[in-house]
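Engineer: Submitted below is the structure of interest, expressed as structure tokens.
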Amino acid sequence: MTDWTEAELMHWDDKICRVAEDLGLDWHPIDYEIIDYQEMLSAMAYVGLPTHYRHWSYGKEYERTHTLYNMGQTGLPYEMIINSNPSIAYLMRENALYIHILTMAHCVGHSDFFKNNRMFGDTNPDNIIDSFKSAAKYVRSLIEDPSIGIERVENILDAAHSIKYQVPRFPGIKYKSRDQLLSLEKLKMIENPNYAPDLSKVPLAPEYNILRFIAEHSRDLEEWERNLILIVEESSKYFIPQALTKVMNEGWACTIHHKIINELNLPDSLHLPFIKLHNQVVRPHLGQLNPYHLGYKLFEKIIEKEGFEEAMIIREVHNDISFLRFYIDQEFLEEMNYFSYSFKKDKKMITIDDISDDQGWEDVRSELIKNIGLNRIPTIFVEEIQKDNTLCLSHEHDGRDLDLAYATKVFEHIKALWKDKVKLMTIVENEAWEF
Amino acid sequence: MSVFRKHKSIVDRSASDRMRHKKKIEKAIKESIKDVIAEESIIGQNGKKKIRIPVRGIKEYRFIYGNNEDNKTVGSGGQHPLKRGQKIGDKRAEKGKGQGTGSPSDQEGDQYYDVEISLEELSEYLFADMELPDLEKKQFRFITDETIKRKGYRFQGIRPRLSKKETLKRKIRRQKMAEKNGTHDPESGERFPFHKDDLKYHHIKPKSKENSAAAIFFLMDVSGSMSQDRKYLARSFFFLLYQFLNHRYEKVEVVFISHSTHAARVTEDDFFKVGTFGGTIVSSALELELETIDKEYHPNSWNIYTFYCGDGENWSSDNEKCIDLFKEIKDLSQLTGYCEINEQYKGLADEIDAHNPFHGTPWGTFSAWKNEEMENLWAKLTPICDNTFKKVMVGETSHIWRAFHSLFGGNKG
């Protein structure tokens, strides 16, 4: 049974909010939904969104979380909050009071981050719930439409999901249709008579938003198929800023909950378990990157050296890549004992490449940044549509080869969307490779 | 001030997505089973043996990086001292663990569900879409009612059906995982209690079977030309047939007849183990079968199935006699299968795919056969092939399932 009452939650929430205000935080109001374990699993499967379109992958995610939880591999979900105004967060009924207090303080940190970090500038938190809701409704209507049905809807969604991260890496880059691009080019030509671009080329410049590009240029897509692709692209836009700031966002929320709770004067019966839980959340994972650990420790270091005010500015202007590149130094890496490793084909084993000492730390840092958020996803762009309607895609090779088994499957998915010939160029083991 | 809402949804919103996922998994299990059936470990086992089937998770494909050496991973070393070049593992660590990109579900590498099922359940999966070629209703010798059988486990159930063994297994598994992940310290003496989710219950299911008695005749050539490899293929094939028929009939009796130049009724053990010698006269086995049917298994009360496995070699003088005997057997049996095993047929699978001539004359495009068309049993049996007499060829383990399908698959094969 629970060891808390709703009145207690309100009491502590009130205190948390007051401390947060004193810290100078500025967050969206938060709606807490108190839900049970099953509902929490559902909420997690749908990344916290109260409505989301149907797709089997969310069922898979539910089962996965459920299994992991059963096996003791994941702890209880402590926090789940979505970037909307008001922010919606979930508290699991089965959790103890000290967990709720930590969760609420943590959520204030996230909501503050959502509201202030510039990566989230275009996320439109006031309407996000409604736009997911209407997408869900639309998808349901397609599934129920006897002339379409779930199989065909899934085929398009499966395919679109496979390239859902093949969108511009930075928020605020608006997709421009061919007409818009052409009129821009014509303006430039008027301004500069020497400027003579090849206007027959499609696209005029490499296009990174593959989903939008396909939706605009594929000849044989039906209206509903086009709409589904756009729905997937739209929801990617919501997740991209979060992927760009995972380390910062979690680090900031941990910093904030730690700061707030130390101000709350909790009785020992709540404070001691809190410390235990906090340490568990921000502990290093051997051989892996724990974003909570990395972000928290880096903010801790910054606050220690440059003060909390500086941290407040950082949480506004940086994303993970700039944050890590700017603030990680050798001392920090050494303390964290980070190292890079890779699989050696000839020896058939994994060995350590570099460690964070004098010679190695810069390499470790750049490898670390390569492993953060969207940097772990290969960049693919549209090169051109050839005369025979072949869609030519290219992979921006940065030393890391594509996984060919996966790429082949994605390639099939793209063909299904384009409904015509597709080419994909990449480099495998230092040689050009064409799909 | 924040708002608190006690939320109780009546609808389980993830139910339909979970169901879709489950369907996909089941499909994957069915597909994996086909690879598993030819494996040695399950052949010759009784129904109680549990088989683990690795089922590939339903992957969501994205572009990901492969494992060339320039794709390095970064991790924390904790308190451990580290050296360059130090070996830390054998295979590539699963990608993406703990490095969220906001959507961890997409991050797993190869994900396997290890499904543990009994032979009986395996048969059910295997044979779900098979049609039994029972063409005429028999006067049943055994009348069976609905029986209640234990069948698998469920998370829900009544107390008396609690499976202590399964429950404990699940608890131990959870405990080990917790220890591995540091959430439970075995040294601390802290209790690790059972959790509601550990509980597993026996599931029972009423079962009724339509037809009750079947007699299966397994006939095999054990002459000198039947090498161990060929016999192994035959054994796999028989095993599958046995499982299938056993699955459909309450009572199945199996008669093993092996032959070289003359035939003998043998035990199951001897059937598969006894060494090979001598020449080949197929008709000897057929005669013995007819004799046995006449004495013990009257076709009015028994569903008779006959399967012959050989390598296609026979004294040419015996061929005509064989055809007549096969015809006779065909009339008595629900289904007669003639299977030729020869590793030379390896690699012909592609040809089959191209032409898909599964019924009637499989391997019909195999030119080696065309040349000596009239000389072998295979070609001579063609005229009597129909719904109740089928010919199949097996060259390697992967053909077994195809052969099986062409025997029982009805028109779905």
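Here's how to read the names in the structure tokens: chain A, B, ... by the order shown, residue numbers from 1 in each chain, ligand numbers from 1 in the order shown.
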Near range 214-223 of chain A, within 8 Å and counting only C-alpha atoms, which residues show up once chain neighbours fewer than 2 positions away are dropped, as a PyMOL selection string?
Structural biologist: chain A and resi 177+210-212+225-227+229-230+417-419
Engineer: Restrict the distance test to only C-alpha atoms, flag each residue of chain A within 6 Å of chain B, and return the flagged residues as number ranges by chain.
Structural biologist: A: 30-35, 42, 55-56, 59-60, 71-72, 162, 243, 286-290, 337-343, 349-354, 368, 373, 377, 399-403, 406-407, 410
Engineer: Restricting the output to C-alpha atoms, write the selected residues as a tab-separated table (two decimals), in the first residue's frame.
Structural biologist:
```
chain	number	residue	atom	x	y	z
A	30	ILE	CA	2.97	20.67	-14.46
A	31	ASP	CA	0.00	18.31	-14.44
A	32	TYR	CA	0.81	15.13	-12.57
A	33	GLU	CA	-1.14	12.04	-13.49
A	34	ILE	CA	-1.15	9.46	-10.75
A	35	ILE	CA	-1.26	6.11	-12.47
A	42	SER	CA	1.75	2.07	-21.41
A	55	HIS	CA	1.60	1.05	-34.28
A	56	TRP	CA	2.80	-2.39	-33.24
A	59	GLY	CA	3.25	-2.82	-28.26
A	60	LYS	CA	6.74	-4.20	-28.61
A	71	MET	CA	13.87	-9.41	-14.84
A	72	GLY	CA	14.99	-6.64	-12.55
A	162	SER	CA	12.88	3.42	-40.75
A	243	ALA	CA	17.60	13.68	-28.86
A	286	LEU	CA	30.53	0.26	-16.81
A	287	GLY	CA	31.57	0.38	-20.45
A	288	GLN	CA	28.65	2.59	-21.35
A	289	LEU	CA	27.58	6.19	-21.32
A	290	ASN	CA	24.97	7.00	-18.73
A	337	ASN	CA	37.62	7.36	-16.47
A	338	TYR	CA	36.13	7.37	-19.96
A	339	PHE	CA	37.72	5.26	-22.66
A	340	SER	CA	37.05	4.35	-26.26
A	341	TYR	CA	36.94	0.84	-27.62
A	342	SER	CA	36.13	-1.01	-30.80
A	343	PHE	CA	35.78	-4.46	-32.25
A	349	MET	CA	37.81	-9.22	-29.85
A	350	ILE	CA	37.01	-5.85	-28.40
A	351	THR	CA	39.98	-3.90	-27.21
A	352	ILE	CA	40.49	-0.46	-25.72
A	353	ASP	CA	41.65	2.16	-28.22
A	354	ASP	CA	42.21	5.18	-26.07
A	368	LEU	CA	32.36	10.49	-27.10
A	373	GLY	CA	22.38	11.53	-29.59
A	377	ILE	CA	22.65	7.94	-36.53
A	399	GLY	CA	34.83	6.84	-41.07
A	400	ARG	CA	32.03	4.71	-39.71
A	401	ASP	CA	30.56	2.25	-42.18
A	402	LEU	CA	26.87	1.51	-42.36
A	403	ASP	CA	25.61	-1.76	-41.00
A	406	TYR	CA	20.19	-2.98	-41.63
A	407	ALA	CA	20.86	-0.63	-44.50
A	410	VAL	CA	15.93	0.31	-44.86
```
Engineer: Could you write out, as JSON, numbers by chain, all the residues of range 227-344 of chain B that DSSP marks as strand (DSSP E or B)?
Structural biologist: {"B": [251, 252, 253, 254, 255, 256, 257, 258, 259, 263, 264, 265, 266, 303, 304, 305, 306, 307, 308, 309, 310, 335, 336, 337, 338, 339, 340, 341]}
Engineer: How about saving the chosen residues, C-alpha atoms kept, as a PDB file, in the first residue's frame?
Structural biologist:
```
ATOM      1  CA  LYS B 251      -3.665 -43.352 -30.769  1.00  0.00           C
ATOM      2  CA  VAL B 252      -0.892 -43.919 -33.165  1.00  0.00           C
ATOM      3  CA  GLU B 253       0.838 -47.169 -33.769  1.00  0.00           C
ATOM      4  CA  VAL B 254       3.991 -47.243 -35.711  1.00  0.00           C
ATOM      5  CA  VAL B 255       5.352 -50.186 -37.612  1.00  0.00           C
ATOM      6  CA  PHE B 256       8.970 -50.035 -38.651  1.00  0.00           C
ATOM      7  CA  ILE B 257      10.022 -52.134 -41.563  1.00  0.00           C
ATOM      8  CA  SER B 258      13.543 -52.093 -42.861  1.00  0.00           C
ATOM      9  CA  HIS B 259      14.664 -53.897 -45.924  1.00  0.00           C
ATOM     10  CA  ALA B 263      12.394 -57.094 -45.225  1.00  0.00           C
ATOM     11  CA  ALA B 264      11.958 -57.373 -41.478  1.00  0.00           C
ATOM     12  CA  ARG B 265       9.816 -55.724 -38.869  1.00  0.00           C
ATOM     13  CA  VAL B 266      12.130 -54.079 -36.364  1.00  0.00           C
ATOM     14  CA  ASN B 303      -6.206 -44.886 -40.711  1.00  0.00           C
ATOM     15  CA  ILE B 304      -3.188 -46.213 -42.476  1.00  0.00           C
ATOM     16  CA  TYR B 305      -0.275 -44.129 -43.567  1.00  0.00           C
ATOM     17  CA  THR B 306       2.685 -45.456 -45.439  1.00  0.00           C
ATOM     18  CA  PHE B 307       5.952 -43.734 -45.930  1.00  0.00           C
ATOM     19  CA  TYR B 308       8.824 -45.172 -47.797  1.00  0.00           C
ATOM     20  CA  CYS B 309      12.322 -43.765 -47.682  1.00  0.00           C
ATOM     21  CA  GLY B 310      15.095 -44.947 -49.919  1.00  0.00           C
ATOM     22  CA  LEU B 335      -1.722 -41.352 -47.726  1.00  0.00           C
ATOM     23  CA  THR B 336       1.319 -42.971 -49.171  1.00  0.00           C
ATOM     24  CA  GLY B 337       4.517 -41.073 -49.433  1.00  0.00           C
ATOM     25  CA  TYR B 338       7.488 -42.124 -51.457  1.00  0.00           C
ATOM     26  CA  CYS B 339      10.629 -40.276 -50.485  1.00  0.00           C
ATOM     27  CA  GLU B 340      13.936 -40.433 -52.253  1.00  0.00           C
ATOM     28  CA  ILE B 341      16.983 -39.327 -50.383  1.00  0.00           C
TER      29      ILE B 341
END
```
Engineer: CA of Asn83 in chain A to CA of Asp130 in chain A: how many Å, to one decimal?
Structural biologist: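 According to the coordinates, CA of Asn83 in chain A and CA of Asp130 in chain A are separated by 12.8 Å.
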Engineer: Using DSSP on the backbone coordinates, identify all residues within range 264-315 of chain A classified as helix (DSSP H, G or I); present the result as a PyMOL selection string.
Structural biologist: chain A and resi 268-281+291-306+308-315
Engineer: Which distance in Å separates CA of Ile216 in chain B and CA of Leu241 in chain B, to one decimal?
Structural biologist: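 CA of Leu241 in chain B lies 9.0 Å from CA of Ile216 in chain B.
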Engineer: Using only C-alpha atoms, pick whichever of A:Glu144, A:His52, A:Met92, A:His100 has the shortest atom-to-atom distance to Phe132 in chain A.
Structural biologist: A:His52
Engineer: Would you compute the distance between CA of Ala159 in chain A and CA of Ile414 in chain A? Give it in Å to one decimal.
Structural biologist: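 Here the two named atoms are 6.5 Å from each other.
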Engineer: With a distance cut-off of 10 Å and only C-alpha atoms, select the neighbouring residues of Tyr175 in chain A, excluding the residue or stretch itself and same-chain residues fewer than 5 positions from it, and output the selection as a list in words.
Structural biologist: Val167, Pro168, Gln180, Leu181, Glu207, Tyr208, Asn209, Arg212 and Phe213 of chain A
Engineer: For the selection just defined, write its residues with C-alpha atoms to a file, as a short mmCIF file (atom, residue, chain, number, x, y, z; two decimals), in the first residue's frame.
Structural biologist:
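Saved result, result_10.cif, follows:
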```
data_model
loop_
_atom_site.label_atom_id
_atom_site.label_comp_id
_atom_site.auth_asym_id
_atom_site.auth_seq_id
_atom_site.Cartn_x
_atom_site.Cartn_y
_atom_site.Cartn_z
CA VAL A 167 15.60 14.76 -41.02
CA PRO A 168 17.66 17.92 -40.53
CA GLN A 180 9.74 28.01 -52.88
CA LEU A 181 13.32 26.98 -53.63
CA GLU A 207 18.10 17.59 -49.13
CA TYR A 208 18.33 16.07 -45.67
CA ASN A 209 14.64 15.80 -44.97
CA ARG A 212 9.32 15.40 -46.68
CA PHE A 213 11.18 15.09 -49.94
#
```
Engineer: Fewer than 5 positions away in the same chain doesn't count, so skip those; otherwise give me all residues within 10 Å of range 148-151 of chain A, counting only C-alpha atoms, as a tab-separated table (two decimals) with C-alpha atoms, in the first residue's frame.
Structural biologist:
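Now in selection-v3.tsv:
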```tsv
chain	number	residue	atom	x	y	z
A	54	ARG	CA	-1.39	3.07	-33.28
A	55	HIS	CA	1.60	1.05	-34.28
A	139	VAL	CA	-4.44	6.89	-38.50
A	140	ARG	CA	-7.37	5.17	-36.83
A	141	SER	CA	-9.69	6.29	-39.61
A	142	LEU	CA	-7.30	4.76	-42.17
A	143	ILE	CA	-7.10	1.50	-40.28
A	156	ILE	CA	3.80	2.78	-44.82
A	157	LEU	CA	4.43	3.47	-41.14
A	224	TRP	CA	-3.36	9.01	-47.40
B	20	ARG	CA	-0.32	-6.78	-33.40
```
Engineer: Using only C-alpha atoms, which residues sit within 10 Å of Ile82 in chain A once same-chain residues fewer than 5 positions away are excluded, as a ChimeraX atom specification?
Structural biologist: /A:30,47-50,87-90,107,110-111,114,125,128-129
Engineer: Deliver the residues from the most recent selection as a file, using C-alpha atoms, as a short mmCIF file (atom, residue, chain, number, x, y, z; two decimals), in the first residue's frame.
Structural biologist:
```cif
data_model
loop_
_atom_site.label_atom_id
_atom_site.label_comp_id
_atom_site.auth_asym_id
_atom_site.auth_seq_id
_atom_site.Cartn_x
_atom_site.Cartn_y
_atom_site.Cartn_z
CA ILE A 30 2.97 20.67 -14.46
CA VAL A 47 6.92 8.03 -24.72
CA GLY A 48 4.55 9.73 -22.33
CA LEU A 49 2.19 11.05 -24.93
CA PRO A 50 -1.41 10.78 -23.78
CA SER A 87 3.78 19.72 -18.98
CA ILE A 88 2.28 16.32 -18.33
CA ALA A 89 4.18 14.11 -15.92
CA TYR A 90 3.38 10.73 -14.42
CA CYS A 107 10.27 17.17 -13.51
CA HIS A 110 12.97 19.07 -17.22
CA SER A 111 10.10 21.46 -17.71
CA PHE A 114 12.03 22.48 -22.23
CA PRO A 125 4.24 23.00 -26.61
CA ILE A 128 1.53 19.39 -29.31
CA ILE A 129 -1.03 17.22 -27.55
#
```
